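Trainee: I have a structure I would like to understand better, so I am pasting it below and will then ask my questions one at a time.
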Amino acid sequence: MHPASLPRPAPARVWLHLLLFVVTLGTTFLAYLLLFGRSFPFSGAGLLAEDRTQALFFSGSLLAILGSHEMGHYVLARWHRVDTSLPYFIPLPVPGSLGTLGAVIRLRGRIPTRNALVDIGAAGPLAGLVVALPLLYWGLLHSTVVDSPPVPSAFPGESSLWVLGQELLHWVMEKVTQAPPAMAPVYTSHQTLFGDNLIMKALTWLALGPLPEGKDVVVHPVVMAAWFGLLVTLLNLLPVGQLDGGHLTFAVLGPRARWVGQGVAVVLLFLTVFVTASWGLWLVVASKVVGFGHPEVLRPEEPLSRSRKVICALCLLALVGCAMPIPLREVWS
């Protein structure tokens with residue numbers, strides 16, 4: 001830390017950060033049980049010991065990744081004497097969710113230089129990956145390889161806005177013409193497939209070796225948490241506005257970073273229409289909530305150092321490594 005460090009957060013606020021952390025630990029624990037468990041604590045049969053252990057693995061790993069991400073931002077912001085809050089964890093007690101919307105910090109001061117902007121923006125994703133990658137590897141070592149028929153992929157994707165629109169149009173035409181409805185298919189099995197990216201493929205190969213055709217991995221709960229950490233890293237590293245990737249892009253390109261953010265919005269629109277409609281939510285968040293603008297640093301005349309350019313390149317590699325066109329896929333057969 002610099003000798004003239006910022007004052008510690010007021011004790012009256014620390015309890016709120018701790019409370020949100022504990023509540024989020026609880027909501028992610030329950031979310032795992034609702035999504036993947038075979039028992040539930042408030043049911044008549046009670047909670048199975050195996051489910052309790054797996055849910056603790058999941059929630060503990062997930063919050064460790066999210067917390068390290070935000071603490072990376074916090075520590076580097078304090079280093080550069082930028083007034084900031086401790087991380088706020090965001091619980092999401094909604095059935096069907098993972099139990100959290102992640103964690104955030106509040107930067108209450110202006111960032112002094114482009115070098116500081118890179119340090120603060122990159123520290124979160126890199127710190128999160130430092131925790132997520134060993135957890136992911138450990139979880140894959142404790143996962144199980146099973147027989148699994150190959151799942152075909154189509155373009156446009158079955159959950160894309162294009163296909164959903166066609167299905168809606170077909171349903172409307174059936175109602176208008178009073179045609180007899182088509183026979184509904186009968187499904188006997190259901191799978192939740194986690195999207196692959198380069199990091200997942202590489203660590204799966206290192207931990208389990210090459211998977212033969214017709215094989216897949218039933219993953220350990222720690223892998224699920226680490227996978228979500230990679231997804232959070234991907235979303236934060238998108239070069240848009242004041243996302244972490246937007247900070248880095250602005251540090252390198254200045255006001256021209258707006259054009260990059262608008263290009264990313266076009267890519268998200270393409271993914272929403274032709275790959276999976278789930279990207280539509282992030283398209284709205286990126287373009288309407290976050291926006292494409294970025295405030296100028298206090299001393300824009302100070303040049304970006306070579307080491308910070310290397311850090312930006314490293315974060316670009318992390319973005320490519322975390323990229324996945326279809327994050328989650330529900331398959332019925």
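Letters for chains follow the order of the structure tokens (A, B, ...), residue numbers begin at 1 for each chain, and ligand numbers begin at 1 in the order shown.
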Determine which residues of range 262-309 of chain A receive a DSSP assignment of helix (DSSP H, G or I), computed from the backbone, and state them as an MDAnalysis selection string.

Mentor: chainID A and resid 262:274 279:290 306:309

Trainee: Based on the selection just made, write N, CA and C atoms of those residues as a PDB file, in the first residue's frame.

Mentor:
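result.pdb, freshly written:
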ATOM      1  N   GLN A 262     -19.710  -0.737 -29.355  1.00  0.00           N
ATOM      2  CA  GLN A 262     -20.832  -0.856 -30.284  1.00  0.00           C
ATOM      3  C   GLN A 262     -20.675  -2.085 -31.176  1.00  0.00           C
ATOM      4  N   GLY A 263     -19.436  -2.416 -31.549  1.00  0.00           N
ATOM      5  CA  GLY A 263     -19.204  -3.641 -32.314  1.00  0.00           C
ATOM      6  C   GLY A 263     -19.546  -4.881 -31.518  1.00  0.00           C
ATOM      7  N   VAL A 264     -19.231  -4.877 -30.226  1.00  0.00           N
ATOM      8  CA  VAL A 264     -19.585  -6.006 -29.361  1.00  0.00           C
ATOM      9  C   VAL A 264     -21.105  -6.149 -29.290  1.00  0.00           C
ATOM     10  N   ALA A 265     -21.826  -5.030 -29.234  1.00  0.00           N
ATOM     11  CA  ALA A 265     -23.291  -5.084 -29.208  1.00  0.00           C
ATOM     12  C   ALA A 265     -23.835  -5.744 -30.471  1.00  0.00           C
ATOM     13  N   VAL A 266     -23.216  -5.480 -31.608  1.00  0.00           N
ATOM     14  CA  VAL A 266     -23.638  -6.127 -32.857  1.00  0.00           C
ATOM     15  C   VAL A 266     -23.415  -7.638 -32.775  1.00  0.00           C
ATOM     16  N   VAL A 267     -22.272  -8.047 -32.208  1.00  0.00           N
ATOM     17  CA  VAL A 267     -21.997  -9.480 -32.040  1.00  0.00           C
ATOM     18  C   VAL A 267     -23.026 -10.117 -31.108  1.00  0.00           C
ATOM     19  N   LEU A 268     -23.351  -9.448 -30.009  1.00  0.00           N
ATOM     20  CA  LEU A 268     -24.355  -9.973 -29.080  1.00  0.00           C
ATOM     21  C   LEU A 268     -25.723 -10.078 -29.753  1.00  0.00           C
ATOM     22  N   LEU A 269     -26.047  -9.111 -30.596  1.00  0.00           N
ATOM     23  CA  LEU A 269     -27.312  -9.178 -31.332  1.00  0.00           C
ATOM     24  C   LEU A 269     -27.331 -10.392 -32.257  1.00  0.00           C
ATOM     25  N   PHE A 270     -26.228 -10.639 -32.961  1.00  0.00           N
ATOM     26  CA  PHE A 270     -26.137 -11.812 -33.833  1.00  0.00           C
ATOM     27  C   PHE A 270     -26.320 -13.098 -33.023  1.00  0.00           C
ATOM     28  N   LEU A 271     -25.638 -13.203 -31.875  1.00  0.00           N
ATOM     29  CA  LEU A 271     -25.763 -14.396 -31.035  1.00  0.00           C
ATOM     30  C   LEU A 271     -27.195 -14.575 -30.541  1.00  0.00           C
ATOM     31  N   THR A 272     -27.861 -13.473 -30.204  1.00  0.00           N
ATOM     32  CA  THR A 272     -29.239 -13.543 -29.722  1.00  0.00           C
ATOM     33  C   THR A 272     -30.174 -14.054 -30.802  1.00  0.00           C
ATOM     34  N   VAL A 273     -30.002 -13.562 -32.016  1.00  0.00           N
ATOM     35  CA  VAL A 273     -30.920 -13.912 -33.104  1.00  0.00           C
ATOM     36  C   VAL A 273     -30.653 -15.311 -33.633  1.00  0.00           C
ATOM     37  N   PHE A 274     -29.373 -15.717 -33.742  1.00  0.00           N
ATOM     38  CA  PHE A 274     -29.066 -16.950 -34.453  1.00  0.00           C
ATOM     39  C   PHE A 274     -28.478 -18.075 -33.601  1.00  0.00           C
ATOM     40  N   TRP A 279     -28.517 -14.544 -24.806  1.00  0.00           N
ATOM     41  CA  TRP A 279     -27.605 -13.410 -24.939  1.00  0.00           C
ATOM     42  C   TRP A 279     -28.358 -12.090 -25.007  1.00  0.00           C
ATOM     43  N   GLY A 280     -29.665 -12.138 -25.261  1.00  0.00           N
ATOM     44  CA  GLY A 280     -30.437 -10.899 -25.350  1.00  0.00           C
ATOM     45  C   GLY A 280     -30.411 -10.105 -24.069  1.00  0.00           C
ATOM     46  N   LEU A 281     -30.422 -10.803 -22.920  1.00  0.00           N
ATOM     47  CA  LEU A 281     -30.385 -10.100 -21.633  1.00  0.00           C
ATOM     48  C   LEU A 281     -29.092  -9.302 -21.507  1.00  0.00           C
ATOM     49  N   TRP A 282     -27.962  -9.919 -21.856  1.00  0.00           N
ATOM     50  CA  TRP A 282     -26.689  -9.204 -21.725  1.00  0.00           C
ATOM     51  C   TRP A 282     -26.567  -8.116 -22.772  1.00  0.00           C
ATOM     52  N   LEU A 283     -27.214  -8.292 -23.924  1.00  0.00           N
ATOM     53  CA  LEU A 283     -27.249  -7.224 -24.929  1.00  0.00           C
ATOM     54  C   LEU A 283     -27.932  -5.990 -24.356  1.00  0.00           C
ATOM     55  N   VAL A 284     -29.048  -6.178 -23.659  1.00  0.00           N
ATOM     56  CA  VAL A 284     -29.758  -5.053 -23.048  1.00  0.00           C
ATOM     57  C   VAL A 284     -28.914  -4.430 -21.937  1.00  0.00           C
ATOM     58  N   VAL A 285     -28.306  -5.282 -21.103  1.00  0.00           N
ATOM     59  CA  VAL A 285     -27.473  -4.766 -20.007  1.00  0.00           C
ATOM     60  C   VAL A 285     -26.303  -3.958 -20.561  1.00  0.00           C
ATOM     61  N   ALA A 286     -25.630  -4.508 -21.570  1.00  0.00           N
ATOM     62  CA  ALA A 286     -24.437  -3.848 -22.106  1.00  0.00           C
ATOM     63  C   ALA A 286     -24.772  -2.531 -22.806  1.00  0.00           C
ATOM     64  N   SER A 287     -25.859  -2.528 -23.594  1.00  0.00           N
ATOM     65  CA  SER A 287     -26.140  -1.352 -24.421  1.00  0.00           C
ATOM     66  C   SER A 287     -26.975  -0.301 -23.705  1.00  0.00           C
ATOM     67  N   LYS A 288     -27.867  -0.713 -22.814  1.00  0.00           N
ATOM     68  CA  LYS A 288     -28.780   0.228 -22.172  1.00  0.00           C
ATOM     69  C   LYS A 288     -28.424   0.539 -20.719  1.00  0.00           C
ATOM     70  N   VAL A 289     -27.951  -0.448 -19.976  1.00  0.00           N
ATOM     71  CA  VAL A 289     -27.635  -0.233 -18.561  1.00  0.00           C
ATOM     72  C   VAL A 289     -26.193   0.262 -18.415  1.00  0.00           C
ATOM     73  N   VAL A 290     -25.236  -0.490 -18.968  1.00  0.00           N
ATOM     74  CA  VAL A 290     -23.827  -0.086 -18.882  1.00  0.00           C
ATOM     75  C   VAL A 290     -23.536   1.064 -19.839  1.00  0.00           C
ATOM     76  N   ARG A 306       4.399   0.075 -20.968  1.00  0.00           N
ATOM     77  CA  ARG A 306       4.485  -1.179 -21.724  1.00  0.00           C
ATOM     78  C   ARG A 306       3.946  -2.351 -20.920  1.00  0.00           C
ATOM     79  N   SER A 307       4.215  -2.379 -19.617  1.00  0.00           N
ATOM     80  CA  SER A 307       3.737  -3.494 -18.790  1.00  0.00           C
ATOM     81  C   SER A 307       2.212  -3.526 -18.745  1.00  0.00           C
ATOM     82  N   ARG A 308       1.576  -2.350 -18.747  1.00  0.00           N
ATOM     83  CA  ARG A 308       0.108  -2.323 -18.746  1.00  0.00           C
ATOM     84  C   ARG A 308      -0.447  -2.815 -20.075  1.00  0.00           C
ATOM     85  N   LYS A 309       0.263  -2.540 -21.172  1.00  0.00           N
ATOM     86  CA  LYS A 309      -0.165  -3.078 -22.469  1.00  0.00           C
ATOM     87  C   LYS A 309      -0.083  -4.601 -22.474  1.00  0.00           C
TER      88      LYS A 309
END

Trainee: What lies within 12 Å of Thr24 in chain A using only C-alpha atoms, ignoring chain neighbours under 3 positions off, as an MDAnalysis selection string?

Mentor: chainID A and resid 17:21 27:31 59:60 62:64 66:67 88:94 98:103

Trainee: May I have the residues from that selection written out with N, CA and C atoms, as a compact mmCIF listing (two decimals), in the first residue's frame?

Mentor:
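New file result_36.txt:
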# COMPACT_ATOMS: atom_id res chain seq x y z
N HIS A 17 -21.68 -5.76 4.59
CA HIS A 17 -20.94 -6.61 3.66
C HIS A 17 -20.90 -8.06 4.16
N LEU A 18 -20.69 -8.23 5.46
CA LEU A 18 -20.67 -9.58 6.03
C LEU A 18 -22.04 -10.23 5.95
N LEU A 19 -23.09 -9.48 6.21
CA LEU A 19 -24.45 -10.02 6.14
C LEU A 19 -24.77 -10.48 4.73
N LEU A 20 -24.45 -9.65 3.73
CA LEU A 20 -24.73 -10.03 2.34
C LEU A 20 -23.92 -11.26 1.94
N PHE A 21 -22.70 -11.37 2.44
CA PHE A 21 -21.90 -12.56 2.15
C PHE A 21 -22.57 -13.81 2.73
N THR A 27 -28.12 -18.59 -0.06
CA THR A 27 -28.95 -18.69 -1.28
C THR A 27 -28.27 -19.57 -2.33
N THR A 28 -26.94 -19.52 -2.45
CA THR A 28 -26.27 -20.40 -3.41
C THR A 28 -26.30 -21.85 -2.95
N PHE A 29 -26.23 -22.07 -1.65
CA PHE A 29 -26.36 -23.42 -1.09
C PHE A 29 -27.72 -24.01 -1.44
N LEU A 30 -28.78 -23.24 -1.19
CA LEU A 30 -30.13 -23.73 -1.49
C LEU A 30 -30.36 -23.84 -2.99
N ALA A 31 -29.78 -22.92 -3.77
CA ALA A 31 -29.95 -22.97 -5.23
C ALA A 31 -29.38 -24.27 -5.79
N SER A 59 -21.23 -23.71 -3.17
CA SER A 59 -21.38 -22.34 -2.70
C SER A 59 -20.06 -21.76 -2.20
N GLY A 60 -19.26 -22.56 -1.51
CA GLY A 60 -17.97 -22.07 -1.03
C GLY A 60 -17.03 -21.72 -2.16
N LEU A 62 -17.88 -21.02 -5.33
CA LEU A 62 -18.42 -19.90 -6.11
C LEU A 62 -18.13 -18.56 -5.44
N LEU A 63 -18.37 -18.49 -4.13
CA LEU A 63 -18.13 -17.22 -3.44
C LEU A 63 -16.65 -16.90 -3.32
N ALA A 64 -15.80 -17.93 -3.27
CA ALA A 64 -14.36 -17.68 -3.27
C ALA A 64 -13.93 -17.03 -4.58
N LEU A 66 -15.94 -15.33 -6.81
CA LEU A 66 -16.53 -14.00 -6.91
C LEU A 66 -15.85 -13.02 -5.96
N GLY A 67 -15.56 -13.48 -4.75
CA GLY A 67 -14.92 -12.60 -3.77
C GLY A 67 -13.52 -12.22 -4.18
N TYR A 88 -19.84 -5.92 -2.26
CA TYR A 88 -21.23 -6.23 -1.93
C TYR A 88 -21.62 -7.50 -2.67
N PHE A 89 -21.88 -8.58 -1.96
CA PHE A 89 -22.41 -9.78 -2.59
C PHE A 89 -23.91 -9.60 -2.80
N ILE A 90 -24.41 -10.12 -3.92
CA ILE A 90 -25.81 -9.91 -4.29
C ILE A 90 -26.54 -11.25 -4.26
N PRO A 91 -27.31 -11.54 -3.21
CA PRO A 91 -28.08 -12.79 -3.19
C PRO A 91 -29.25 -12.74 -4.15
N LEU A 92 -29.62 -13.89 -4.69
CA LEU A 92 -30.75 -13.98 -5.61
C LEU A 92 -31.59 -15.19 -5.21
N PRO A 93 -32.51 -15.02 -4.26
CA PRO A 93 -33.32 -16.15 -3.78
C PRO A 93 -34.48 -16.45 -4.73
N VAL A 94 -34.13 -16.81 -5.97
CA VAL A 94 -35.13 -17.09 -7.00
C VAL A 94 -34.96 -18.53 -7.46
N LEU A 98 -28.85 -19.50 -9.86
CA LEU A 98 -27.70 -20.02 -9.11
C LEU A 98 -27.60 -19.39 -7.73
N GLY A 99 -28.58 -18.57 -7.36
CA GLY A 99 -28.61 -18.03 -6.02
C GLY A 99 -27.89 -16.71 -5.83
N THR A 100 -27.29 -16.18 -6.89
CA THR A 100 -26.57 -14.91 -6.76
C THR A 100 -26.46 -14.22 -8.11
N LEU A 101 -26.37 -12.90 -8.05
CA LEU A 101 -26.06 -12.10 -9.23
C LEU A 101 -24.60 -11.67 -9.24
N GLY A 102 -23.80 -12.29 -8.38
CA GLY A 102 -22.38 -11.96 -8.32
C GLY A 102 -22.08 -11.00 -7.18
N ALA A 103 -21.07 -10.18 -7.37
CA ALA A 103 -20.67 -9.21 -6.36
C ALA A 103 -20.16 -7.95 -7.07

Trainee: Using DSSP on the backbone coordinates, identify the residues of range 27-169 of chain A assigned to strand (DSSP E or B); present them as a ChimeraX atom specification.

Mentor: /A:84,88-91,100-104,107,144-147,159

Trainee: What lies within 12 Å of range 68-70 of chain A using only C-alpha atoms, ignoring chain neighbours under 2 positions off, as a PyMOL selection string?

Mentor: chain A and resi 61-66+72-77+84-89+102-107+120-132+229-230+232-233+236-237+244

Trainee: How would the residues just chosen look if you wrote them out with N, CA and C atoms as a tab-separated table (two decimals), in the first residue's frame?

Mentor:
chain	number	residue	atom	x	y	z
A	61	SER	N	-16.97	-22.59	-3.19
A	61	SER	CA	-16.10	-22.32	-4.34
A	61	SER	C	-16.57	-21.11	-5.12
A	62	LEU	N	-17.88	-21.02	-5.33
A	62	LEU	CA	-18.42	-19.90	-6.11
A	62	LEU	C	-18.13	-18.56	-5.44
A	63	LEU	N	-18.37	-18.49	-4.13
A	63	LEU	CA	-18.13	-17.22	-3.44
A	63	LEU	C	-16.65	-16.90	-3.32
A	64	ALA	N	-15.80	-17.93	-3.27
A	64	ALA	CA	-14.36	-17.68	-3.27
A	64	ALA	C	-13.93	-17.03	-4.58
A	65	ILE	N	-14.48	-17.50	-5.69
A	65	ILE	CA	-14.12	-16.93	-7.00
A	65	ILE	C	-14.66	-15.52	-7.13
A	66	LEU	N	-15.94	-15.33	-6.81
A	66	LEU	CA	-16.53	-14.00	-6.91
A	66	LEU	C	-15.85	-13.02	-5.96
A	72	GLY	N	-9.74	-8.20	-5.90
A	72	GLY	CA	-8.70	-7.74	-6.81
A	72	GLY	C	-8.91	-6.28	-7.17
A	73	HIS	N	-10.16	-5.93	-7.54
A	73	HIS	CA	-10.47	-4.53	-7.81
A	73	HIS	C	-10.22	-3.67	-6.58
A	74	TYR	N	-10.68	-4.14	-5.42
A	74	TYR	CA	-10.62	-3.35	-4.19
A	74	TYR	C	-9.17	-3.03	-3.82
A	75	VAL	N	-8.31	-4.07	-3.83
A	75	VAL	CA	-6.93	-3.87	-3.39
A	75	VAL	C	-6.20	-2.90	-4.31
A	76	LEU	N	-6.38	-3.05	-5.64
A	76	LEU	CA	-5.67	-2.16	-6.57
A	76	LEU	C	-6.26	-0.75	-6.55
A	77	ALA	N	-7.56	-0.63	-6.30
A	77	ALA	CA	-8.14	0.71	-6.16
A	77	ALA	C	-7.56	1.41	-4.93
A	84	THR	N	-13.06	3.52	-2.47
A	84	THR	CA	-13.90	2.42	-2.94
A	84	THR	C	-14.50	1.68	-1.75
A	85	SER	N	-15.54	0.94	-2.02
A	85	SER	CA	-16.20	0.16	-0.98
A	85	SER	C	-15.65	-1.26	-0.96
A	86	LEU	N	-15.91	-1.97	0.12
A	86	LEU	CA	-15.71	-3.41	0.15
A	86	LEU	C	-16.73	-4.07	-0.79
A	87	PRO	N	-16.50	-5.35	-1.16
A	87	PRO	CA	-17.45	-6.01	-2.07
A	87	PRO	C	-18.83	-6.17	-1.45
A	88	TYR	N	-19.84	-5.92	-2.26
A	88	TYR	CA	-21.23	-6.23	-1.93
A	88	TYR	C	-21.62	-7.50	-2.67
A	89	PHE	N	-21.88	-8.58	-1.96
A	89	PHE	CA	-22.41	-9.78	-2.59
A	89	PHE	C	-23.91	-9.60	-2.80
A	102	GLY	N	-23.80	-12.29	-8.38
A	102	GLY	CA	-22.38	-11.96	-8.32
A	102	GLY	C	-22.08	-11.00	-7.18
A	103	ALA	N	-21.07	-10.18	-7.37
A	103	ALA	CA	-20.67	-9.21	-6.36
A	103	ALA	C	-20.16	-7.95	-7.07
A	104	VAL	N	-20.26	-6.83	-6.38
A	104	VAL	CA	-19.83	-5.56	-6.96
A	104	VAL	C	-19.11	-4.74	-5.88
A	105	ILE	N	-18.31	-3.77	-6.34
A	105	ILE	CA	-17.78	-2.74	-5.45
A	105	ILE	C	-18.20	-1.38	-6.00
A	106	ARG	N	-18.17	-0.38	-5.17
A	106	ARG	CA	-18.48	0.99	-5.59
A	106	ARG	C	-17.20	1.83	-5.59
A	107	LEU	N	-16.84	2.31	-6.76
A	107	LEU	CA	-15.73	3.26	-6.85
A	107	LEU	C	-16.29	4.66	-6.62
A	120	ILE	N	-6.68	-1.46	-11.99
A	120	ILE	CA	-7.94	-1.71	-11.29
A	120	ILE	C	-8.85	-2.59	-12.13
A	121	GLY	N	-8.95	-2.33	-13.44
A	121	GLY	CA	-9.83	-3.10	-14.29
A	121	GLY	C	-9.40	-4.54	-14.47
A	122	ALA	N	-8.09	-4.77	-14.60
A	122	ALA	CA	-7.60	-6.13	-14.86
A	122	ALA	C	-7.47	-6.97	-13.60
A	123	ALA	N	-7.32	-6.33	-12.44
A	123	ALA	CA	-7.06	-7.07	-11.21
A	123	ALA	C	-8.20	-8.02	-10.87
A	124	GLY	N	-9.45	-7.60	-11.14
A	124	GLY	CA	-10.59	-8.45	-10.81
A	124	GLY	C	-10.62	-9.74	-11.61
A	125	PRO	N	-10.69	-9.67	-12.95
A	125	PRO	CA	-10.71	-10.91	-13.73
A	125	PRO	C	-9.50	-11.80	-13.50
A	126	LEU	N	-8.31	-11.21	-13.39
A	126	LEU	CA	-7.11	-12.04	-13.21
A	126	LEU	C	-7.11	-12.70	-11.84
A	127	ALA	N	-7.52	-11.97	-10.79
A	127	ALA	CA	-7.60	-12.58	-9.46
A	127	ALA	C	-8.65	-13.69	-9.43
A	128	GLY	N	-9.78	-13.46	-10.09
A	128	GLY	CA	-10.80	-14.50	-10.16
A	128	GLY	C	-10.30	-15.75	-10.85
A	129	LEU	N	-9.54	-15.57	-11.94
A	129	LEU	CA	-9.00	-16.73	-12.66
A	129	LEU	C	-7.95	-17.46	-11.83
A	130	VAL	N	-7.16	-16.73	-11.06
A	130	VAL	CA	-6.15	-17.37	-10.22
A	130	VAL	C	-6.81	-18.35	-9.24
A	131	VAL	N	-8.00	-18.03	-8.78
A	131	VAL	CA	-8.73	-18.93	-7.89
A	131	VAL	C	-9.53	-19.97	-8.68
A	132	ALA	N	-10.16	-19.56	-9.78
A	132	ALA	CA	-11.06	-20.45	-10.52
A	132	ALA	C	-10.31	-21.59	-11.20
A	229	GLY	N	-17.66	-19.06	-12.66
A	229	GLY	CA	-16.62	-18.05	-12.54
A	229	GLY	C	-16.04	-17.66	-13.89
A	230	LEU	N	-15.86	-18.64	-14.79
A	230	LEU	CA	-15.38	-18.34	-16.13
A	230	LEU	C	-16.41	-17.52	-16.90
A	232	VAL	N	-18.59	-15.42	-15.58
A	232	VAL	CA	-18.52	-14.06	-15.01
A	232	VAL	C	-17.32	-13.32	-15.58
A	233	THR	N	-16.19	-14.02	-15.69
A	233	THR	CA	-15.00	-13.39	-16.26
A	233	THR	C	-15.24	-12.98	-17.71
A	236	ASN	N	-17.54	-9.88	-17.81
A	236	ASN	CA	-16.87	-8.67	-17.33
A	236	ASN	C	-15.77	-8.19	-18.26
A	237	LEU	N	-15.16	-9.11	-19.02
A	237	LEU	CA	-14.08	-8.71	-19.91
A	237	LEU	C	-14.57	-8.23	-21.27
A	244	ASP	N	-15.15	-4.33	-16.91
A	244	ASP	CA	-13.70	-4.44	-16.76
A	244	ASP	C	-13.00	-4.35	-18.11

Trainee: Calculated over only C-alpha atoms, which of the candidates A:Val151, A:Val163, A:Leu298, A:Leu304 has the smallest distance to Ala277 in chain A?

Mentor: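 Once distances to Ala277 in chain A are computed over only C-alpha atoms, the minimum belongs to A:Val163.
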
Trainee: Quote the spacing between CA of Pro303 in chain A and CA of Gly261 in chain A in Å to one decimal place.

Mentor: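 Taking CA of Pro303 in chain A and CA of Gly261 in chain A, their separation equals 22.3 Å.
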
Trainee: Would you mind listing what lies within 12 Å of Gly37 in chain A as a list in words, with only C-alpha atoms counted and same-chain residues fewer than 2 positions away left out?

Mentor: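 Residues near the query, excluding close chain neighbours: Phe29, Leu30, Ala31, Tyr32, Leu33, Leu34, Leu35, Ser39, Phe40, Pro41, Gly46, Leu47, Leu48, Ala49, Glu50, Asp51, Arg52, Thr53, Gln54, Ala55, Leu56, Phe58 and Pro221 of chain A.
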
Trainee: Return the single residue from A:Val118, A:Leu136, A:Thr113, A:Leu25 that is closest to Leu203 in chain A, with distances computed using only C-alpha atoms.

Mentor: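 The closest residue to Leu203 in chain A is A:Leu136.
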
Trainee: As an exercise, work out the distance from CA of Leu314 in chain A to CA of Leu243 in chain A in Å and give it to one decimal place.

Mentor: 16.4 Å

Trainee: Report as an MDAnalysis selection string all protein, DNA and RNA residues lying within 7 Å of Gly241 in chain A, evaluated on only C-alpha atoms, omitting residues in the same chain fewer than 5 positions from it.

Mentor: chainID A and resid 246 261 290:294

Trainee: For Pro300 in chain A, which of A:Leu231, A:Met224, A:Val23, A:Val252 is the closest residue, counting only C-alpha atoms?

Mentor: A:Val252
